[in-house]
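Structure first, commentary second.
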Amino acid sequence: MVTIPMTPELLPAANPVTLLDPAGRAVPGDGPGLPGDDVLATLYRMMVLGRRFDTQATALTKQGRLAVYPSARGQEACQIGAVLALRPQDWLFPTYRDSMAVTARGVDPVQVLTLLRGDWHSGYDPYQHRVAPQCTPLATNALHAVGLARAAAIKGEDTVALVMLGDGATSEGDTHAALNFAAVWKSPVVFFIQNNGYAISVPLAKQTAAPSLAHKGIGYGIPATVVDGNDAAAVYAVVRRAVTAAAAGTGPVLIEALTYRMEAHTNADDATRYRSAGEVAGWLARDPVTRLREHLRGRGLLDEAAIAATDAEAEAQAAALRQRMTTDTRHDPDDLFRYVYAEPTPELRRQQRELAAELGRSPGGEG
């Protein structure tokens with residue numbers, strides 16, 4: 001008879017890890033400690049900058065400068081807390097909603113918006129910033145993260161991959177495959193699920209019957225944690241702990257961050273059709289930026305002058321982004337063919353000649 005070992009350490013705790021309550025007061029507990037003052041100050045500044053970037057990108061979409069934009073307003077603690085917990089040598093695998101996270105990793109905001117503008121699939125060099133191209137298909141980035149982390153482990157490199165997923169992505173087969181392979185290989189991957197309540201318009205209750213998304217980890221042999229996703233301090237501490245564990249060779253970690261998407265799924269969505277104003281108002285009271293600001297202010301680590309200076313910095317960056325995004329991009333039609341194969345196929349060359357003829361120009365040249 002086969003005996004199945006009990007593994008209670010794989011089960012998430014009953015309550016989400018919380019270090020700061022919605023009013024910004026420190027919450028005592030036996031979990032990770034509160035990050036240092038410098039980290040908290042950086043988290044606040046980056047969340048303010050990230051939120052202003054997000055609202056500016058939303059405005060650019062309404063002005064026709066972007067084809068689409070999935071806002072992450074309300075998820076600043078997840079985006080910034082998780083990214084700042086990474087080390088320089090680690091990799092980030094973002095989704096289409098994680099533009100704030102990508103900019104926090106140091107990528108030029110205009111390059112971040114290149115995909116959403118419709119110019120290129122990725123407007124930045126992934127290797128320069130160690131940020132994979134933003135993933136539009138749900139959950140495919142999870143497999144990419146596992147593959148990179150597995151390769152790094154084989155080569156003896158000290159690298160951890162953080163993959164961001166939404167709650168809807170956990171319903172995809174790619175997530176299952178990624179979790180399973182990562183667990184079997186003990187790959188250094190941190191699976192970070194931003195559970196914002198809806199997969200577009202489908203609530204979590206219609207996606208899974210599990211007590212939490214973190215509970216899914218036990219089926220793969222992966223330890224899991226639930227964290228208050230509107231508490232930047234807690235997100236940072238939990239992700240930092242997971243990165244440290246993964247880097248030490250203990251294998252992957254699953255984190256579910258409970259948060260909320262304040263805006264619609266994208267500019268093409270009408271969120272009023274599937275959620276109430278009261279529900280949104282309830283989450284507004286748990287605003288992640290306000291929570292950390294009040295904590296810092298209450299401890300004398302942030303005054304009105306510093307708040308104003310951070311707001312001014314955010315406005316200046318938004319103004320610069322507006323100015324740079326109002327410049328039309330000149331496209332070269334030959335780019336459609338230039339980066340498909342190292343050596344173009346005969347069929348690709350034929351298509352290039354046909355397009356050139358339609359445009360009245362020679363292939364590879366000006367008209």
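Identifiers for the structure tokens are assigned positionally: chains receive A, B, ... in sequence, residues are indexed from 1 per chain, and ligands are indexed from 1 in the order shown.
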
Which residues are close to region 32-49 of chain A, i.e. within 9 Å by only C-alpha atoms, leaving aside same-chain residues fewer than 6 positions away? Reply as an mmCIF file with N, CA and C atoms, in the first residue's frame.
data_model
loop_
_atom_site.group_PDB
_atom_site.id
_atom_site.type_symbol
_atom_site.label_atom_id
_atom_site.label_comp_id
_atom_site.auth_asym_id
_atom_site.auth_seq_id
_atom_site.Cartn_x
_atom_site.Cartn_y
_atom_site.Cartn_z
ATOM 1 N N VAL A 17 -1.529 37.598 3.953
ATOM 2 C CA VAL A 17 -0.453 38.332 4.620
ATOM 3 C C VAL A 17 -0.718 39.827 4.471
ATOM 4 N N LEU A 19 0.639 43.637 6.155
ATOM 5 C CA LEU A 19 1.547 44.364 7.039
ATOM 6 C C LEU A 19 1.005 45.739 7.402
ATOM 7 N N LEU A 20 0.190 46.311 6.490
ATOM 8 C CA LEU A 20 -0.431 47.609 6.736
ATOM 9 C C LEU A 20 -1.924 47.488 6.468
ATOM 10 N N ALA A 26 0.367 49.683 11.030
ATOM 11 C CA ALA A 26 1.097 48.423 10.999
ATOM 12 C C ALA A 26 0.267 47.327 11.656
ATOM 13 N N GLU A 76 -1.538 49.023 -8.180
ATOM 14 C CA GLU A 76 -0.187 49.568 -8.086
ATOM 15 C C GLU A 76 0.692 48.812 -7.100
ATOM 16 N N ALA A 77 0.113 48.402 -5.971
ATOM 17 C CA ALA A 77 0.908 47.692 -4.966
ATOM 18 C C ALA A 77 1.442 46.378 -5.524
ATOM 19 N N GLN A 79 1.933 45.654 -8.834
ATOM 20 C CA GLN A 79 2.863 45.920 -9.925
ATOM 21 C C GLN A 79 4.222 46.390 -9.413
ATOM 22 N N ILE A 80 4.193 47.372 -8.519
ATOM 23 C CA ILE A 80 5.441 47.968 -8.052
ATOM 24 C C ILE A 80 6.088 47.108 -6.970
ATOM 25 N N GLY A 81 5.297 46.620 -6.025
ATOM 26 C CA GLY A 81 5.857 45.814 -4.949
ATOM 27 C C GLY A 81 6.563 44.577 -5.452
ATOM 28 N N LEU A 84 9.918 45.611 -7.546
ATOM 29 C CA LEU A 84 11.009 46.117 -6.713
ATOM 30 C C LEU A 84 11.621 45.015 -5.856
ATOM 31 N N MET A 100 2.767 49.177 -15.868
ATOM 32 C CA MET A 100 3.376 49.856 -14.726
ATOM 33 C C MET A 100 4.581 49.076 -14.220
ATOM 34 N N ALA A 104 8.520 50.255 -14.130
ATOM 35 C CA ALA A 104 9.233 50.219 -12.858
ATOM 36 C C ALA A 104 10.534 49.440 -12.963
ATOM 37 N N ALA A 232 1.359 47.389 -0.441
ATOM 38 C CA ALA A 232 2.637 47.332 -1.159
ATOM 39 C C ALA A 232 3.744 46.751 -0.290
ATOM 40 N N ALA A 233 3.722 47.063 0.987
ATOM 41 C CA ALA A 233 4.747 46.543 1.889
ATOM 42 C C ALA A 233 4.675 45.026 1.973
ATOM 43 N N ALA A 234 3.463 44.494 2.081
ATOM 44 C CA ALA A 234 3.284 43.048 2.174
ATOM 45 C C ALA A 234 3.658 42.363 0.869
ATOM 46 N N TYR A 236 5.770 43.382 -1.423
ATOM 47 C CA TYR A 236 7.236 43.406 -1.536
ATOM 48 C C TYR A 236 7.853 42.328 -0.652
ATOM 49 N N ALA A 237 7.428 42.266 0.600
ATOM 50 C CA ALA A 237 8.022 41.322 1.546
ATOM 51 C C ALA A 237 7.790 39.878 1.130
ATOM 52 N N VAL A 238 6.581 39.565 0.686
ATOM 53 C CA VAL A 238 6.249 38.195 0.300
ATOM 54 C C VAL A 238 6.990 37.784 -0.970
ATOM 55 N N ARG A 241 10.715 37.339 -0.244
ATOM 56 C CA ARG A 241 10.941 36.056 0.432
ATOM 57 C C ARG A 241 10.886 34.902 -0.567
ATOM 58 N N PRO A 288 -4.261 51.436 -2.537
ATOM 59 C CA PRO A 288 -2.900 51.089 -2.112
ATOM 60 C C PRO A 288 -1.984 52.292 -1.943
ATOM 61 N N VAL A 289 -2.150 53.323 -2.782
ATOM 62 C CA VAL A 289 -1.293 54.504 -2.678
ATOM 63 C C VAL A 289 -1.604 55.267 -1.396
ATOM 64 N N LEU A 292 -0.186 53.433 1.863
ATOM 65 C CA LEU A 292 1.237 53.596 2.159
ATOM 66 C C LEU A 292 1.574 55.050 2.487
ATOM 67 N N ARG A 293 0.922 55.976 1.806
ATOM 68 C CA ARG A 293 1.161 57.395 2.098
ATOM 69 C C ARG A 293 0.813 57.716 3.554
ATOM 70 N N LEU A 296 3.474 56.293 5.945
ATOM 71 C CA LEU A 296 4.707 57.080 5.946
ATOM 72 C C LEU A 296 4.502 58.427 6.630
ATOM 73 N N LEU A 301 7.837 60.042 8.069
ATOM 74 C CA LEU A 301 8.760 59.745 6.979
ATOM 75 C C LEU A 301 8.365 60.430 5.680
ATOM 76 N N LEU A 302 7.217 61.125 5.694
ATOM 77 C CA LEU A 302 6.724 61.798 4.497
ATOM 78 C C LEU A 302 5.944 63.020 4.940
ATOM 79 N N ILE A 307 5.327 64.981 -0.554
ATOM 80 C CA ILE A 307 4.176 64.518 -1.335
ATOM 81 C C ILE A 307 4.006 65.372 -2.584
ATOM 82 N N THR A 310 6.748 64.623 -5.176
ATOM 83 C CA THR A 310 6.509 63.371 -5.900
ATOM 84 C C THR A 310 5.402 63.549 -6.931
ATOM 85 N N ASP A 311 4.345 64.253 -6.550
ATOM 86 C CA ASP A 311 3.253 64.521 -7.498
ATOM 87 C C ASP A 311 3.759 65.346 -8.682
ATOM 88 N N GLU A 313 6.823 65.420 -9.845
ATOM 89 C CA GLU A 313 7.653 64.542 -10.671
ATOM 90 C C GLU A 313 6.780 63.677 -11.579
ATOM 91 N N ALA A 314 5.684 63.179 -11.024
ATOM 92 C CA ALA A 314 4.772 62.351 -11.818
ATOM 93 C C ALA A 314 4.142 63.157 -12.946
ATOM 94 N N GLU A 315 3.744 64.400 -12.662
ATOM 95 C CA GLU A 315 3.149 65.250 -13.687
ATOM 96 C C GLU A 315 4.152 65.573 -14.791
ATOM 97 N N GLN A 317 6.682 63.739 -15.753
ATOM 98 C CA GLN A 317 6.863 62.550 -16.574
ATOM 99 C C GLN A 317 5.669 62.315 -17.493
ATOM 100 N N ALA A 318 4.468 62.587 -16.990
ATOM 101 C CA ALA A 318 3.272 62.448 -17.825
ATOM 102 C C ALA A 318 3.290 63.445 -18.972
#

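Considering only region 6-215 of chain A, backbone DSSP assigns strand (DSSP E or B) to Val17, Leu20, Ala26, Trp91, Leu92, Phe93, Thr95, Val131, Cys135, Ala161, Leu162, Val163, Met164, Leu165, Gly166, Val189, Val190, Phe191, Phe192, Ile193, Gln194, Asn195, Tyr198, Ala199, Val202 and Pro203 of chain A.
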
Write the residues of the preceding selection, restricted to C-alpha atoms, as a compact mmCIF listing (two decimals), in the first residue's frame.
# COMPACT_ATOMS: atom_id res chain seq x y z
CA VAL A 17 -0.45 38.33 4.62
CA LEU A 20 -0.43 47.61 6.74
CA ALA A 26 1.10 48.42 11.00
CA TRP A 91 13.71 38.26 -15.13
CA LEU A 92 10.18 39.65 -15.32
CA PHE A 93 7.55 38.00 -17.53
CA THR A 95 1.14 40.37 -19.18
CA VAL A 131 11.93 41.95 -19.12
CA CYS A 135 2.25 38.75 -23.17
CA ALA A 161 11.91 34.37 -13.10
CA LEU A 162 8.86 36.26 -11.85
CA VAL A 163 5.81 35.61 -14.01
CA MET A 164 2.73 37.79 -13.62
CA LEU A 165 -0.67 36.25 -14.24
CA GLY A 166 -4.27 37.34 -13.83
CA VAL A 189 10.09 30.62 -10.70
CA VAL A 190 7.76 32.85 -8.71
CA PHE A 191 4.18 32.63 -10.02
CA PHE A 192 2.51 35.92 -9.07
CA ILE A 193 -1.25 35.90 -9.60
CA GLN A 194 -2.98 39.27 -9.44
CA ASN A 195 -6.50 38.23 -8.54
CA TYR A 198 -12.68 39.30 -12.95
CA ALA A 199 -11.43 37.65 -16.12
CA VAL A 202 -16.30 36.65 -15.58
CA PRO A 203 -16.11 36.70 -11.75

So that I can check the surroundings of region 208-210 of chain A, please list as a PyMOL selection string every protein, DNA and RNA residue that reaches within 10 Å of it, counting only C-alpha atoms and ignoring chain neighbours fewer than 6 positions away. chain A and resi 167-168+170-171+216

Export of the given selection (all heavy atoms) as a compact mmCIF listing (two decimals), in the first residue's frame:
# COMPACT_ATOMS: atom_id res chain seq x y z
N ASP A 167 -6.15 36.35 -12.67
CA ASP A 167 -6.95 35.21 -12.22
C ASP A 167 -7.50 34.42 -13.41
O ASP A 167 -7.61 33.20 -13.36
CB ASP A 167 -8.08 35.67 -11.30
CG ASP A 167 -8.85 36.85 -11.87
OD1 ASP A 167 -8.31 37.97 -11.88
OD2 ASP A 167 -10.01 36.65 -12.28
N GLY A 168 -7.81 35.11 -14.50
CA GLY A 168 -8.33 34.42 -15.68
C GLY A 168 -7.30 33.48 -16.29
O GLY A 168 -7.66 32.43 -16.85
N THR A 170 -5.33 31.56 -14.81
CA THR A 170 -5.25 30.28 -14.10
C THR A 170 -6.22 29.25 -14.67
O THR A 170 -6.12 28.06 -14.33
CB THR A 170 -5.53 30.46 -12.59
OG1 THR A 170 -6.88 30.90 -12.41
CG2 THR A 170 -4.58 31.48 -11.98
N SER A 171 -7.14 29.69 -15.52
CA SER A 171 -8.07 28.76 -16.15
C SER A 171 -7.52 28.19 -17.45
O SER A 171 -8.18 27.38 -18.11
CB SER A 171 -9.41 29.48 -16.45
OG SER A 171 -10.00 29.94 -15.26
N LYS A 216 -4.38 26.02 -5.34
CA LYS A 216 -4.02 25.19 -6.49
C LYS A 216 -2.58 24.69 -6.39
O LYS A 216 -2.21 23.69 -6.99
CB LYS A 216 -4.22 25.98 -7.79
CG LYS A 216 -5.68 26.27 -8.10
CD LYS A 216 -5.81 27.09 -9.38
CE LYS A 216 -7.28 27.38 -9.71
NZ LYS A 216 -8.01 26.18 -10.15

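When CA of Gln75 (chain A) is paired with CA of Thr259 (chain A), their separation reads 6.2 Å.
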
Which residue, A:Asp125, A:Glu263, A:Glu354, A:Asp119, has the smallest gap to Val107 (chain A) when you use only C-alpha atoms? A:Asp125

Using DSSP on the backbone coordinates, identify the residues of region 97-174 of chain A assigned to alpha helix (DSSP H); present them as an MDAnalysis selection string. chainID A and resid 99:104 109:112 114:117 126:129 140:154 173:174

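You will find CA of Leu143 (chain A) at 12.0 Å from CA of Ala169 (chain A).
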